[in-house]
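A.B. asks: Following this line is data-v6.cif, made up of mmCIF, C-alpha atoms:
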```cif
data_final
#
loop_
_atom_site.label_atom_id
_atom_site.label_comp_id
_atom_site.auth_asym_id
_atom_site.auth_seq_id
_atom_site.Cartn_x
_atom_site.Cartn_y
_atom_site.Cartn_z
CA MET A 8 41.29 23.01 -127.21
CA ALA A 9 38.58 25.71 -127.27
CA VAL A 10 39.18 28.83 -129.26
CA SER A 11 38.05 32.27 -127.99
CA PRO A 12 36.11 34.65 -130.18
CA HIS A 13 38.95 37.15 -130.04
CA THR A 14 41.36 34.72 -131.76
CA ILE A 15 38.70 33.90 -134.37
CA SER A 16 38.07 37.53 -135.25
CA SER A 17 41.76 38.31 -135.18
CA ARG A 18 42.49 35.41 -137.54
CA LEU A 19 39.73 36.46 -139.96
CA LEU A 20 40.53 40.16 -139.91
CA THR A 21 44.03 41.52 -139.65
CA GLY A 22 45.42 44.92 -139.51
CA SER A 23 43.60 48.01 -138.28
CA VAL A 24 40.19 46.69 -139.20
CA GLY A 25 40.73 43.59 -137.12
CA GLY A 26 41.85 45.70 -134.18
CA CYS A 27 38.64 47.80 -134.30
CA VAL A 28 36.44 44.74 -134.50
CA TRP A 29 38.24 43.14 -131.63
CA HIS A 30 37.79 46.28 -129.52
CA LEU A 31 34.04 46.45 -130.18
CA GLU A 32 33.52 42.79 -129.42
CA ARG A 33 35.37 43.15 -126.18
CA ARG A 34 33.14 46.10 -125.05
CA ALA A 35 30.00 44.21 -125.97
CA VAL A 36 31.07 41.16 -123.97
CA GLN A 37 31.98 43.29 -120.96
CA GLY A 38 28.67 45.28 -120.96
CA LEU A 39 26.39 42.30 -121.50
CA PRO A 40 25.67 41.55 -117.78
CA HIS A 41 24.79 45.20 -117.08
CA ARG A 42 22.36 45.28 -120.00
CA VAL A 43 20.65 42.09 -118.88
CA THR A 44 20.25 43.46 -115.35
CA HIS A 45 18.89 46.75 -116.63
CA LEU A 46 16.47 44.89 -118.88
CA PHE A 47 15.06 42.89 -115.97
CA ARG A 48 14.67 46.04 -113.93
CA ASN A 49 12.72 47.73 -116.71
CA VAL A 50 10.49 44.68 -117.08
CA ASN A 51 9.68 44.64 -113.35
CA ASN A 52 8.91 48.35 -113.33
CA GLN A 53 6.68 47.97 -116.38
CA TRP A 54 4.73 45.06 -114.74
CA VAL A 55 4.01 47.09 -111.57
CA THR A 56 2.86 50.04 -113.66
CA VAL A 57 0.39 47.85 -115.55
CA GLN A 58 -1.02 46.58 -112.26
CA HIS A 59 -1.65 50.11 -111.08
CA LEU A 60 -3.24 51.05 -114.36
CA SER A 61 -5.54 48.03 -114.24
CA PHE A 62 -6.60 48.88 -110.68
CA LEU A 63 -7.33 52.51 -111.55
CA LYS A 64 -9.28 51.39 -114.61
CA ARG A 65 -11.47 49.09 -112.52
CA MET A 66 -12.14 51.83 -109.97
CA TYR A 67 -13.16 54.22 -112.71
CA VAL A 68 -15.50 51.71 -114.35
CA THR A 69 -17.07 50.86 -110.99
CA GLN A 70 -17.75 54.51 -110.17
CA LEU A 71 -19.12 55.11 -113.65
CA HIS A 72 -21.55 52.18 -113.46
CA ARG A 73 -22.69 53.21 -109.99
CA GLY A 74 -23.53 56.68 -111.18
CA LEU A 75 -25.41 55.32 -114.19
CA SER A 76 -27.43 52.89 -112.09
CA GLN A 77 -28.40 55.67 -109.66
CA ARG A 78 -29.62 57.84 -112.50
CA VAL A 79 -31.56 55.11 -114.26
CA LYS A 80 -33.03 53.43 -111.11
CA PRO A 81 -33.21 55.95 -108.26
CA LYS A 82 -33.48 54.62 -104.75
CA PRO A 83 -36.97 54.56 -103.23
CA GLU A 84 -37.78 57.43 -100.93
CA PRO A 85 -37.52 56.67 -97.21
CA PRO A 86 -40.78 56.39 -95.22
CA ALA A 87 -42.24 59.65 -94.09
CA SER A 88 -40.98 60.64 -90.68
CA PRO A 89 -42.91 62.62 -88.04
CA PHE A 90 -40.58 65.52 -88.76
CA LEU A 91 -41.70 65.76 -92.40
CA GLU A 92 -45.37 65.69 -91.42
CA HIS A 93 -44.93 68.95 -89.51
CA THR A 94 -42.75 70.57 -92.16
CA SER A 95 -44.51 72.97 -94.48
CA SER A 96 -44.27 72.74 -98.25
CA GLY A 97 -42.37 76.06 -98.43
CA GLN A 98 -39.67 74.81 -96.10
CA ALA A 99 -39.37 71.60 -98.13
CA ARG A 100 -38.93 73.60 -101.34
CA ALA A 101 -36.30 75.79 -99.70
CA GLU A 102 -34.36 72.71 -98.64
CA VAL A 103 -34.55 71.34 -102.19
CA ASP A 104 -33.34 74.63 -103.65
CA GLU A 105 -30.38 74.71 -101.30
CA LEU A 106 -29.08 71.34 -102.55
CA PRO A 107 -25.82 71.76 -104.54
CA SER A 108 -25.89 70.91 -108.24
CA PHE A 109 -23.33 68.59 -109.81
CA PRO A 110 -22.09 69.51 -113.32
CA ALA A 111 -20.51 66.13 -114.05
CA PRO A 112 -23.30 63.69 -115.08
CA SER A 113 -21.15 60.68 -114.39
CA LEU A 114 -20.83 61.43 -110.67
CA PRO A 115 -23.09 59.49 -108.32
CA LEU A 116 -26.03 61.30 -106.73
CA SER A 117 -25.46 62.69 -103.29
CA ARG A 118 -27.20 60.91 -100.41
CA LYS A 119 -26.74 63.68 -97.89
CA PRO A 120 -30.48 64.63 -97.59
CA ASN A 121 -31.41 61.00 -97.10
CA GLU A 122 -28.77 60.66 -94.42
CA GLU A 123 -30.17 63.73 -92.67
CA LEU A 124 -33.69 62.27 -92.78
CA VAL A 125 -32.44 58.98 -91.38
CA GLU A 126 -30.70 60.86 -88.58
CA LEU A 127 -33.90 62.81 -87.85
CA GLU A 128 -35.94 59.62 -87.81
CA ALA A 129 -33.46 57.92 -85.51
CA THR A 130 -33.55 60.95 -83.21
CA SER A 131 -37.36 60.95 -83.13
CA ILE A 132 -37.44 57.20 -82.41
CA VAL A 133 -34.94 57.57 -79.58
CA ASP A 134 -36.92 60.49 -78.13
CA HIS A 135 -40.14 58.49 -78.36
CA SER A 136 -38.58 55.48 -76.64
CA LEU A 137 -37.22 57.71 -73.89
CA ASP A 138 -40.66 59.30 -73.39
CA THR A 139 -42.28 55.85 -73.23
CA ALA A 140 -39.77 54.63 -70.66
CA LYS A 141 -40.34 57.78 -68.64
CA GLU A 142 -44.11 57.31 -68.71
CA LYS A 143 -43.79 53.68 -67.61
CA LYS A 144 -41.52 54.74 -64.77
CA GLU A 145 -44.03 57.36 -63.68
CA GLU A 146 -46.85 54.80 -63.78
CA LYS A 147 -44.95 52.54 -61.39
CA GLN A 148 -44.39 55.37 -58.93
CA TRP A 149 -46.92 56.28 -56.28
CA LYS A 150 -48.92 59.35 -57.23
CA GLU A 151 -51.41 61.32 -55.24
CA MET A 152 -54.91 60.95 -56.65
CA LYS A 153 -56.77 64.23 -56.81
CA LEU A 154 -60.53 63.99 -56.42
CA HIS A 155 -62.53 66.32 -58.63
CA THR A 156 -66.12 67.21 -57.85
CA ASP A 157 -67.25 66.29 -61.37
CA ASP A 158 -65.88 62.75 -61.00
CA LEU A 159 -67.44 62.10 -57.59
CA PRO A 160 -70.90 60.89 -58.78
CA GLY A 161 -69.36 58.32 -61.12
CA ILE A 162 -66.94 57.11 -58.43
CA LEU A 163 -69.73 56.73 -55.87
CA ALA A 164 -71.86 54.91 -58.43
CA ARG A 165 -69.08 52.37 -58.98
CA LEU A 166 -68.51 52.13 -55.23
CA SER A 167 -72.16 51.25 -54.68
CA LYS A 168 -72.27 48.84 -57.67
CA ILE A 169 -75.07 50.75 -59.30
CA LYS A 170 -76.05 47.94 -61.70
CA LEU A 171 -76.42 45.42 -58.90
CA THR A 172 -78.35 47.99 -56.88
CA ALA A 173 -80.71 48.52 -59.82
CA LEU A 174 -81.34 44.75 -59.97
CA VAL A 175 -82.09 44.68 -56.22
CA VAL A 176 -84.55 47.57 -56.53
CA SER A 177 -86.27 45.95 -59.53
CA THR A 178 -86.81 42.64 -57.67
CA THR A 179 -88.13 44.57 -54.65
CA SER A 180 -90.56 46.42 -56.92
CA ALA A 181 -91.69 43.11 -58.44
CA GLY A 182 -92.38 41.71 -54.98
CA PHE A 183 -94.37 44.82 -54.06
CA ALA A 184 -96.40 44.66 -57.30
CA LEU A 185 -97.15 40.94 -56.97
CA ALA A 186 -98.44 41.27 -53.41
CA PRO A 187 -102.25 41.19 -52.99
CA GLY A 188 -104.05 44.40 -52.13
CA PRO A 189 -104.23 47.94 -53.53
CA PHE A 190 -101.11 49.51 -54.98
CA ASP A 191 -99.89 52.41 -52.79
CA TRP A 192 -97.55 54.66 -54.74
CA THR A 193 -96.14 56.46 -51.70
CA CYS A 194 -95.28 53.21 -49.96
CA PHE A 195 -93.84 51.84 -53.21
CA LEU A 196 -91.49 54.83 -53.68
CA LEU A 197 -90.35 54.75 -50.05
CA THR A 198 -89.69 51.01 -50.30
CA SER A 199 -87.70 51.37 -53.52
CA LEU A 200 -85.66 54.30 -52.19
CA GLY A 201 -84.95 52.65 -48.84
CA THR A 202 -83.96 49.36 -50.47
CA GLY A 203 -81.68 51.15 -52.93
CA LEU A 204 -79.91 53.07 -50.14
CA ALA A 205 -79.47 49.88 -48.11
CA SER A 206 -77.99 48.13 -51.14
CA CYS A 207 -75.56 51.01 -51.78
CA ALA A 208 -74.41 50.85 -48.16
CA ALA A 209 -73.87 47.08 -48.23
CA ASN A 210 -71.93 47.19 -51.50
CA SER A 211 -69.71 50.05 -50.30
CA ILE A 212 -68.80 48.23 -47.09
CA ASN A 213 -68.13 45.08 -49.12
CA GLN A 214 -65.62 46.93 -51.29
CA PHE A 215 -64.04 48.51 -48.22
CA PHE A 216 -63.31 45.07 -46.73
CA GLU A 217 -62.04 43.51 -49.98
CA VAL A 218 -59.51 46.11 -51.16
CA PRO A 219 -56.37 43.94 -50.71
CA PHE A 220 -58.05 41.00 -52.46
CA ASP A 221 -59.67 42.97 -55.27
CA SER A 222 -56.27 44.38 -56.24
CA ASN A 223 -55.16 40.86 -57.29
CA MET A 224 -58.10 40.29 -59.66
CA ASN A 225 -58.43 41.63 -63.19
CA ARG A 226 -62.19 41.92 -62.73
CA THR A 227 -62.01 44.19 -59.67
CA LYS A 228 -58.61 45.91 -59.87
CA ASN A 229 -60.16 49.12 -61.24
CA ARG A 230 -62.57 49.68 -58.37
CA PRO A 231 -62.37 53.16 -56.78
CA LEU A 232 -60.84 52.07 -53.47
CA VAL A 233 -58.30 49.81 -55.17
CA ARG A 234 -57.12 52.60 -57.45
CA GLY A 235 -57.10 55.12 -54.62
CA GLN A 236 -59.62 57.43 -56.24
CA ILE A 237 -61.31 57.96 -52.88
CA SER A 238 -60.12 57.40 -49.34
CA PRO A 239 -61.44 54.57 -47.13
CA LEU A 240 -62.82 57.18 -44.76
CA LEU A 241 -64.93 58.69 -47.53
CA ALA A 242 -66.18 55.23 -48.54
CA VAL A 243 -67.24 54.38 -44.98
CA SER A 244 -68.84 57.81 -44.60
CA PHE A 245 -70.80 57.29 -47.81
CA ALA A 246 -71.95 53.84 -46.65
CA THR A 247 -73.10 55.28 -43.32
CA CYS A 248 -74.94 58.13 -45.04
CA CYS A 249 -76.77 55.54 -47.19
CA ALA A 250 -77.48 52.94 -44.49
CA VAL A 251 -78.94 55.23 -41.83
CA PRO A 252 -81.58 57.00 -43.97
CA GLY A 253 -82.29 53.81 -45.91
CA VAL A 254 -83.11 51.78 -42.79
CA ALA A 255 -85.03 54.75 -41.35
CA LEU A 256 -87.21 54.99 -44.46
CA LEU A 257 -87.92 51.24 -44.42
CA THR A 258 -88.68 51.18 -40.69
CA TRP A 259 -90.72 54.34 -40.13
CA GLY A 260 -91.80 55.09 -43.68
CA VAL A 261 -92.96 51.57 -44.58
CA ASN A 262 -93.18 49.14 -41.61
CA PRO A 263 -90.81 47.73 -38.97
CA LEU A 264 -90.76 44.27 -40.55
CA THR A 265 -89.38 45.60 -43.81
CA GLY A 266 -86.83 47.73 -41.92
CA ALA A 267 -85.69 44.69 -39.93
CA LEU A 268 -85.26 42.71 -43.15
CA GLY A 269 -83.18 45.56 -44.53
CA VAL A 270 -80.88 45.64 -41.49
CA PHE A 271 -80.58 41.84 -41.55
CA ASN A 272 -79.66 41.85 -45.22
CA ILE A 273 -76.91 44.48 -44.73
CA PHE A 274 -75.49 42.45 -41.85
CA LEU A 275 -75.70 39.18 -43.78
CA TYR A 276 -73.94 40.63 -46.82
CA THR A 277 -71.16 42.55 -45.06
CA CYS A 278 -70.45 40.43 -41.97
CA CYS A 279 -71.25 36.90 -43.19
CA TYR A 280 -71.04 36.62 -46.96
CA THR A 281 -67.96 38.85 -47.41
CA PRO A 282 -65.61 37.00 -44.98
CA LEU A 283 -66.98 33.60 -45.99
CA LYS A 284 -65.77 34.15 -49.55
CA ARG A 285 -62.23 33.41 -48.34
CA ILE A 286 -63.14 30.59 -45.95
CA SER A 287 -65.75 28.21 -47.38
CA ILE A 288 -67.85 27.53 -50.46
CA THR A 289 -70.97 28.02 -48.30
CA ASN A 290 -70.62 31.70 -49.19
CA THR A 291 -72.55 30.95 -52.40
CA TRP A 292 -75.59 29.74 -50.46
CA VAL A 293 -75.37 32.70 -48.05
CA GLY A 294 -75.12 35.07 -50.99
CA ALA A 295 -78.19 33.44 -52.54
CA VAL A 296 -80.14 34.21 -49.35
CA VAL A 297 -78.97 37.83 -49.57
CA GLY A 298 -80.30 38.06 -53.12
CA ALA A 299 -83.60 36.39 -52.18
CA ILE A 300 -84.53 38.90 -49.44
CA PRO A 301 -85.29 42.03 -51.60
CA PRO A 302 -88.49 40.60 -53.22
CA VAL A 303 -89.57 39.45 -49.76
CA MET A 304 -89.08 43.02 -48.54
CA GLY A 305 -91.28 44.28 -51.37
CA TRP A 306 -94.01 41.80 -50.40
CA THR A 307 -93.82 42.70 -46.70
CA ALA A 308 -93.88 46.41 -47.56
CA ALA A 309 -97.21 45.92 -49.35
CA THR A 310 -98.83 43.43 -46.96
CA GLY A 311 -97.00 43.89 -43.65
CA SER A 312 -96.61 40.14 -43.16
CA LEU A 313 -94.55 37.17 -44.32
CA ASP A 314 -96.93 35.08 -46.41
CA ALA A 315 -96.38 32.03 -48.56
CA GLY A 316 -96.21 34.28 -51.62
CA ALA A 317 -93.25 36.15 -50.14
CA LEU A 318 -91.43 32.87 -49.54
CA LEU A 319 -92.19 31.71 -53.09
CA LEU A 320 -90.74 34.89 -54.58
CA GLY A 321 -87.71 34.52 -52.37
CA GLY A 322 -87.37 30.90 -53.50
CA ILE A 323 -87.43 31.89 -57.18
CA LEU A 324 -84.68 34.48 -56.64
CA TYR A 325 -82.74 32.00 -54.51
CA SER A 326 -82.75 29.30 -57.19
CA TRP A 327 -82.08 31.73 -60.05
CA GLN A 328 -78.83 32.93 -58.50
CA PHE A 329 -77.10 29.54 -58.67
CA PRO A 330 -77.07 29.14 -62.47
CA HIS A 331 -76.37 32.86 -62.76
CA PHE A 332 -73.41 33.05 -60.39
CA ASN A 333 -71.98 29.56 -60.98
CA ALA A 334 -71.83 30.19 -64.71
CA LEU A 335 -70.20 33.58 -64.09
CA SER A 336 -67.62 32.22 -61.64
CA TRP A 337 -66.72 29.37 -64.04
CA GLY A 338 -65.15 31.83 -66.46
CA LEU A 339 -63.39 33.66 -63.61
CA ARG A 340 -61.80 30.68 -61.88
CA GLU A 341 -58.24 31.93 -62.41
CA ASP A 342 -59.22 35.37 -61.18
CA TYR A 343 -60.92 34.08 -58.03
CA SER A 344 -58.01 31.78 -57.32
CA ARG A 345 -55.56 34.67 -57.69
CA GLY A 346 -57.67 36.80 -55.34
CA GLY A 347 -57.79 34.10 -52.67
CA TYR A 348 -61.56 33.46 -52.83
CA CYS A 349 -62.98 30.04 -52.06
CA MET A 350 -65.55 29.40 -54.79
CA MET A 351 -67.24 26.22 -55.96
CA SER A 352 -65.90 26.69 -59.47
CA VAL A 353 -62.33 26.67 -58.09
CA THR A 354 -62.41 24.01 -55.37
CA HIS A 355 -65.43 21.86 -56.38
CA PRO A 356 -66.02 22.25 -60.15
CA ALA A 357 -68.28 19.17 -60.43
CA LEU A 358 -70.46 20.41 -57.56
CA CYS A 359 -70.62 23.85 -59.16
CA ARG A 360 -72.12 22.43 -62.37
CA ARG A 361 -74.41 20.02 -60.55
CA VAL A 362 -75.87 22.73 -58.29
CA ALA A 363 -76.48 25.00 -61.30
CA LEU A 364 -78.44 22.29 -63.11
CA ARG A 365 -80.38 21.37 -59.98
CA HIS A 366 -81.65 24.90 -59.43
CA CYS A 367 -82.48 25.35 -63.12
CA LEU A 368 -84.91 22.45 -62.73
CA ALA A 369 -86.15 23.92 -59.44
CA LEU A 370 -87.35 27.02 -61.32
CA ILE A 371 -89.87 24.84 -63.17
CA ALA A 372 -91.26 23.49 -59.89
CA LEU A 373 -91.42 26.95 -58.30
CA SER A 374 -93.24 28.36 -61.32
CA THR A 375 -95.78 25.55 -61.03
CA ALA A 376 -96.32 26.36 -57.34
CA ALA A 377 -97.26 30.00 -58.06
CA PRO A 378 -100.91 29.32 -59.06
CA ILE A 379 -101.28 26.82 -56.23
CA LEU A 380 -100.50 29.63 -53.74
CA ASP A 381 -102.90 32.00 -55.57
CA ILE A 382 -100.15 34.33 -56.69
CA THR A 383 -100.71 33.83 -60.42
CA THR A 384 -103.18 32.08 -62.65
CA TRP A 385 -102.56 28.68 -64.20
CA VAL A 386 -101.53 30.39 -67.40
CA PHE A 387 -98.22 31.38 -65.82
CA PRO A 388 -96.66 27.89 -65.49
CA VAL A 389 -97.66 27.16 -69.08
CA ILE A 390 -96.21 30.28 -70.70
CA SER A 391 -93.12 30.23 -68.46
CA LEU A 392 -92.36 26.60 -69.30
CA PRO A 393 -90.43 27.33 -72.54
CA ILE A 394 -87.96 29.75 -70.94
CA ASN A 395 -87.57 27.48 -67.90
CA LEU A 396 -86.91 24.51 -70.15
CA TYR A 397 -84.40 26.51 -72.17
CA ILE A 398 -82.38 27.60 -69.13
CA SER A 399 -82.54 24.00 -67.88
CA TYR A 400 -81.19 22.79 -71.21
CA LEU A 401 -78.31 25.28 -70.98
CA GLY A 402 -77.70 24.14 -67.41
CA PHE A 403 -77.52 20.56 -68.64
CA ARG A 404 -75.06 21.53 -71.40
CA PHE A 405 -72.97 23.32 -68.78
CA TYR A 406 -73.05 20.21 -66.59
CA VAL A 407 -71.97 17.93 -69.46
CA ASP A 408 -69.52 20.11 -71.39
CA ALA A 409 -67.91 21.96 -68.47
CA ASP A 410 -66.32 24.63 -70.68
CA ARG A 411 -66.34 28.39 -71.01
CA ARG A 412 -68.68 28.42 -73.98
CA SER A 413 -71.50 26.60 -72.19
CA SER A 414 -71.00 28.69 -69.04
CA ARG A 415 -71.21 31.94 -71.01
CA LYS A 416 -74.41 30.84 -72.71
CA LEU A 417 -75.97 29.97 -69.36
CA PHE A 418 -74.86 33.26 -67.82
CA PHE A 419 -76.24 35.44 -70.60
CA CYS A 420 -79.47 33.46 -70.61
CA SER A 421 -79.89 34.15 -66.89
CA LEU A 422 -79.62 37.89 -67.55
CA TRP A 423 -82.85 37.99 -69.55
CA HIS A 424 -84.54 34.98 -67.93
CA LEU A 425 -85.26 36.64 -64.57
CA PRO A 426 -86.79 39.91 -65.89
CA LEU A 427 -88.92 37.97 -68.35
CA LEU A 428 -90.07 35.52 -65.69
CA LEU A 429 -91.09 38.33 -63.30
CA LEU A 430 -92.86 40.14 -66.13
CA LEU A 431 -94.85 37.00 -66.92
CA MET A 432 -95.77 36.68 -63.25
CA LEU A 433 -97.04 40.27 -63.23
CA THR A 434 -99.03 39.62 -66.39
CA CYS A 435 -100.64 36.49 -64.91
CA LYS A 436 -101.12 37.91 -61.40
CA GLN A 437 -104.13 36.58 -59.50
CA ARG A 438 -106.60 39.45 -59.15
CA PRO A 439 -108.58 39.78 -55.91
CA GLY A 440 -112.03 39.18 -57.49
CA GLN A 441 -111.09 36.40 -59.91
CA GLU A 442 -111.73 33.53 -57.50
CA GLY A 443 -115.15 34.88 -56.52
CA ASP A 444 -116.13 35.33 -60.13
CA LYS A 445 -115.22 31.75 -60.89
CA GLY A 446 -117.24 30.48 -57.95
CA GLU A 447 -120.35 32.51 -58.84
CA ALA A 448 -120.28 31.63 -62.53
CA PRO A 449 -122.07 28.23 -62.25
CA SER A 450 -124.99 29.66 -60.24
#
```
How does the structure come out when it is put into structure tokens?

C.D. replies:
Amino acid sequence: MAVSPHTISSRLLTGSVGGCVWHLERRAVQGLPHRVTHLFRNVNNQWVTVQHLSFLKRMYVTQLHRGLSQRVKPKPEPPASPFLEHTSSGQARAEVDELPSFPAPSLPLSRKPNEELVELEATSIVDHSLDTAKEKKEEKQWKEMKLHTDDLPGILARLSKIKLTALVVSTTSAGFALAPGPFDWTCFLLTSLGTGLASCAANSINQFFEVPFDSNMNRTKNRPLVRGQISPLLAVSFATCCAVPGVALLTWGVNPLTGALGVFNIFLYTCCYTPLKRISITNTWVGAVVGAIPPVMGWTAATGSLDAGALLLGGILYSWQFPHFNALSWGLREDYSRGGYCMMSVTHPALCRRVALRHCLALIALSTAAPILDITTWVFPVISLPINLYISYLGFRFYVDADRRSSRKLFFCSLWHLPLLLLLMLTCKQRPGQEGDKGEAPS
């Protein structure tokens, strides 16, 4: 049978001492559960307190290291904003002086100025984007174009295609200079002025008719009528003011034949070539005839008749235009297609290259025919052979390669080929007394 501790202690100790010991043991046994519970409570409270202390310690160390890293390696300065560019140095110093100072070195540096700069930059970017969107919206809206007197000469020059008009006048002058007979300066000036006015009129009417089609092409979308810089009424009025005095000068100032050729050329360009551009590829051949008439007009202005020399000059200009225009249109095929024009380069690309090569070779034959018709000496076909062979070679490369590079080379060659060829013709012109001198030399 088990023996309790009270009986053991009472057996060992008797009397008053045993009674005291027994009383103490009894209190200890009775208070033991309460002490154990209190001990566990204290342990739990101590464990939670350590957790909090560890967390606070980590937060302190983190803040301390962050402050040290900011002092040792400062952040790079933000990119300069448009606001800072307009801020004077005095204002910048005042802003720096107003920054609060921090006595505690361990605290991290304040980033308030940087935040303000970022906000300013963001504001400026937003304002700029809003201004850009507003400008784009205004561009899409219809605006009334105001015509200033200072801009009118430039607008009319673009309306009349001043560069093309200068080429027409130069070929007319070459035809006048190559014609046999004495050189009359008054007649020459009237012929050049009348031809230039007729060309301005034809080009202005051409642009008037092609406004809806030119607006679809990158090459012609900036023309005055397309952009609305002038009204159609003003364009037609300008064309009329150029055509009437131009034809009058050619008819009564030069001779009726030259005036009739001028009227015919205006009609052919505006009423035949312009509508044919959207119907058939024959427009290229009609346009070549239009370009061949100015040197014929120069010849008829000097001689008053259509001779074989006038037809030869017209033939040279006629053949030259095919490599020139076909090479130009090859690089603008997408543009012409978008504008609705029927060009050889778009619908018949093989024919376009073949015709260009064919007329390059024709220039050699026409240059050889010049001394036969007593327009030039036999030196001309010899000295013109290199440039004719070169443009024929480029025409052959264009025919074989069929790419933009070969077409550009042929086009730029045609720009200097024609002036140089006409200059060589003028240099080798057949003088009136040269044939007689050759015949009298043997006797």

A.B. asks: Please identify all polymer residues within 10 Å of A:Val251, counting only C-alpha atoms, omitting same-chain residues fewer than 2 positions from it, and present them as a ChimeraX atom specification.

C.D. replies: /A:201,204-205,208,246-249,253-256,270

A.B. asks: Any chance you can output those residues with C-alpha atoms as an mmCIF file, in the coordinates of the input?

C.D. replies:
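The new file part17.cif reads:
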```cif
data_model
loop_
_atom_site.group_PDB
_atom_site.id
_atom_site.type_symbol
_atom_site.label_atom_id
_atom_site.label_comp_id
_atom_site.auth_asym_id
_atom_site.auth_seq_id
_atom_site.Cartn_x
_atom_site.Cartn_y
_atom_site.Cartn_z
ATOM 1 C CA GLY A 201 -84.950 52.650 -48.840
ATOM 2 C CA LEU A 204 -79.910 53.070 -50.140
ATOM 3 C CA ALA A 205 -79.470 49.880 -48.110
ATOM 4 C CA ALA A 208 -74.410 50.850 -48.160
ATOM 5 C CA ALA A 246 -71.950 53.840 -46.650
ATOM 6 C CA THR A 247 -73.100 55.280 -43.320
ATOM 7 C CA CYS A 248 -74.940 58.130 -45.040
ATOM 8 C CA CYS A 249 -76.770 55.540 -47.190
ATOM 9 C CA GLY A 253 -82.290 53.810 -45.910
ATOM 10 C CA VAL A 254 -83.110 51.780 -42.790
ATOM 11 C CA ALA A 255 -85.030 54.750 -41.350
ATOM 12 C CA LEU A 256 -87.210 54.990 -44.460
ATOM 13 C CA VAL A 270 -80.880 45.640 -41.490
#
```

A.B. asks: Find the residues around A:Asp381 up to 10 Å (only C-alpha atoms counted), leave out those fewer than 6 positions away in its own chain, and share them as a PyMOL selection string.

C.D. replies: chain A and resi 187+315-316+436-439+442

A.B. asks: Nearest to A:Asn272: which of A:Pro388, A:Leu171, A:Thr291, A:Val297 is it, counting all atoms listed in the file?

C.D. replies: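 Between A:Pro388, A:Leu171, A:Thr291, A:Val297, the residue approaching A:Asn272 most closely is A:Val297.
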
A.B. asks: Running the PyMOL selection byres ((chain A and resi 382) around 12) on this model by hand, what would come out? Give it as a PyMOL selection string.

C.D. replies: chain A and resi 182+184-188+306+314-320+373-381+383-388+429+431-439+441-442

A.B. asks: So, counting all atoms listed in the file, which residue among A:Phe220, A:Trp423, A:Tyr348, A:Phe245 is closest to A:Trp327?

C.D. replies: A:Trp423

A.B. asks: The PyMOL selection byres ((chain A and resi 413-421) around 6) - which residues does that actually catch in the file I just gave you? List them as a list in words.

C.D. replies: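 With the shown file as input, the PyMOL selection byres ((chain A and resi 413-421) around 6) matches His331, Ala334, Leu335, Leu401, Phe405, Asp410, Arg411, Arg412, Leu422, Trp423 and His424 of chain A.
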
A.B. asks: I'd like to know which of A:Ser391, A:Ser206, A:Thr281, A:Gln214 is closest to A:Pro426, using all atoms listed in the file.

C.D. replies: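 Using all atoms listed in the file, the shortest distance to A:Pro426 belongs to A:Ser391.
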
A.B. asks: I need the output of the PyMOL selection byres ((chain A and resi 230) around 12) for this file as a PyMOL selection string; which residues are they?

C.D. replies: chain A and resi 161-168+210-211+213-215+217-229+231-237+242

A.B. asks: Using all atoms listed in the file, find the one residue out of A:Gly338, A:Pro302, A:Pro189, A:Pro239 that sits nearest to A:Thr265.

C.D. replies: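 Selected residue with least distance to A:Thr265: A:Pro302.
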
A.B. asks: At what distance in Å, to one decimal, does atom CA of A:Gly402 lie from atom CA of A:Ala363?

C.D. replies: 6.3 Å

A.B. asks: Restricting the calculation to only C-alpha atoms: of A:Ala409, A:Cys349, A:Leu197, A:Cys367, which residue gets closest to A:Leu324?

C.D. replies: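 Looking only at the distances to A:Leu324, the closest residue turns out to be A:Cys367.
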
A.B. asks: For A:Phe195, which residue out of A:Met304, A:Ala299, A:Leu358, A:Leu392 is the nearest one, using only C-alpha atoms?

C.D. replies: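 For A:Phe195, the nearest of the given residues is A:Met304.
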
A.B. asks: Would you compute the distance between atom CA of A:Tyr276 and atom CA of A:Ala209? Give it in Å to one decimal.

C.D. replies: 6.6 Å
